[in-house]
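What follows is one structure encoded as C-alpha cells, with my remarks underneath.
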Amino acid sequence: MNPNEIWHIDTSILKLIDGTRVYMHAIIDNFSRRILAWCVDSTFDTGATAKLIVQAAKGLKETTEHAVPQVYMDSGVENINADVAALIEANTIKRVLAQVDIHFSNSMIESWWRQLKHQWLFLNTLDSVATVRKLVEFYVQQHNEHVPHSAFEGQTPDEMYFATGADVPEKLKAARLLARHARRETNLARSCSACQSEPKLIPIDLTPIASVTSTSPVIPSNTS
C-alpha cells in the first residue's frame, strides 16, 4: 500500500462548556495516519466534505502521480450531495460508503477522534469555537510531525507519507541499545561497596547427623 490510496473522512460533534455544539471534520490517510485536511465550524456545513477533499487533493502530486484515492465515508448528507458527486465524476476520488459498500465501519478516523478528544481537547477549557480550532490545529501539527507511531517502528505520519523516515527504526534501535548500556553503567556506579565486593562463601557442614533414639514418655499409673 502507498499514501493516498485510501482516505477516511468523518464528522465529529463537540460540546462547549455552555452547551453550544462545534462540528469538526477531518480526512486521514490510511497508509500513513497523516491528517490531510481538517476544519472546525460553529454550524453544520454540508459542503465540508467536498471542501476538505479538494484541500487534501492538492497534496496528491507530492506523493503518488495520478492517484485516485478511495475515500471511506458514512452516508451523511455532507457526503452524499452534488458537490461530492462532482468530485467523483471528475475522477478526483472514488467514494466508498461504510457499512454499505463495505461491511465494516470507518473505524480509523473514528479512533483518531477519540484520541483527539480524550488525550487533548477534554483536558482544556472548551469555551469557544476559536479555542477548539486553535487546540485542534496544535494537535494535528503534533500528530503529523512529531508523534511517533508504534505501527511504523517510531516513524511519524509525515515521515511515512513523504517517505523521509526509512532510517528511523534503525536509529531508534541503536539508541535503545546505548541507553540500556548507559543505564546499566549508571546503576553499577551507584551500587554500594557490599554489592561490588566478591560475595563471601559460607561453608555448609554436610556431616550426617547422628540418629537419636526417641523414648516414649512414662505415664504414671493411676493408683487412686
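Residue numbering restarts at 1 in every chain; chains get A, B, ... in the order shown in the C-alpha cells, and ligands count up from 1 in that same order.
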Alpha helix (DSSP H) call set, DSSP backbone run, stretch 4-118 of chain A, as a PyMOL selection string: chain A and resi 48-57+82-89+107-118
Filtering to C-alpha atoms, could you give me those residues as an mmCIF file, in the first residue's frame?
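Saved as selection_20.cif:
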data_model
loop_
_atom_site.group_PDB
_atom_site.id
_atom_site.type_symbol
_atom_site.label_atom_id
_atom_site.label_comp_id
_atom_site.auth_asym_id
_atom_site.auth_seq_id
_atom_site.Cartn_x
_atom_site.Cartn_y
_atom_site.Cartn_z
ATOM 1 C CA ALA A 48 -17.444 20.432 4.322
ATOM 2 C CA THR A 49 -16.605 17.042 2.802
ATOM 3 C CA ALA A 50 -16.170 18.423 -0.711
ATOM 4 C CA LYS A 51 -14.035 21.302 0.563
ATOM 5 C CA LEU A 52 -11.755 19.005 2.544
ATOM 6 C CA ILE A 53 -11.334 16.600 -0.373
ATOM 7 C CA VAL A 54 -10.294 19.472 -2.639
ATOM 8 C CA GLN A 55 -7.830 20.641 0.012
ATOM 9 C CA ALA A 56 -6.383 17.157 0.551
ATOM 10 C CA ALA A 57 -6.167 16.503 -3.198
ATOM 11 C CA ALA A 82 -23.962 17.255 -5.614
ATOM 12 C CA ASP A 83 -20.549 18.673 -4.658
ATOM 13 C CA VAL A 84 -19.151 15.261 -3.727
ATOM 14 C CA ALA A 85 -20.778 13.707 -6.787
ATOM 15 C CA ALA A 86 -18.968 16.255 -8.967
ATOM 16 C CA LEU A 87 -15.615 15.222 -7.497
ATOM 17 C CA ILE A 88 -16.415 11.583 -8.191
ATOM 18 C CA GLU A 89 -17.425 12.466 -11.750
ATOM 19 C CA SER A 107 -13.001 2.973 12.360
ATOM 20 C CA MET A 108 -9.630 4.600 11.635
ATOM 21 C CA ILE A 109 -10.883 8.185 11.627
ATOM 22 C CA GLU A 110 -13.285 7.404 14.469
ATOM 23 C CA SER A 111 -10.343 6.160 16.534
ATOM 24 C CA TRP A 112 -8.471 9.384 15.797
ATOM 25 C CA TRP A 113 -11.439 11.441 17.033
ATOM 26 C CA ARG A 114 -11.314 9.567 20.356
ATOM 27 C CA GLN A 115 -7.603 10.270 20.713
ATOM 28 C CA LEU A 116 -8.074 13.947 19.894
ATOM 29 C CA LYS A 117 -10.889 14.372 22.393
ATOM 30 C CA HIS A 118 -9.687 12.271 25.340
#
Non-local contacts of A:Val40 (9 Å; only C-alpha atoms; under 6 positions in same chain excluded) as a ChimeraX atom specification: /A:22-26,129-130,132-133,136
Picked from stretch 30-136 of chain A by DSSP as strand (DSSP E or B), as a ChimeraX atom specification: /A:35-41,70-73,94-98,102
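If only C-alpha atoms are the atoms counted, then among A:Asp158, A:Pro69, A:Val168, A:Phe104 the closest residue to A:Gln141 is A:Asp158.
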Top pick for closest residue to A:Ser32, considering A:Val71, A:Ile6, A:Ala98, A:Ala175 and counting only C-alpha atoms: A:Ile6
Nearby residues (only C-alpha atoms) at most 7 Å from A:Ile28, same-chain spacing under 2 positions excluded, as a PyMOL selection string: chain A and resi 7-9+26+30+33-36+109
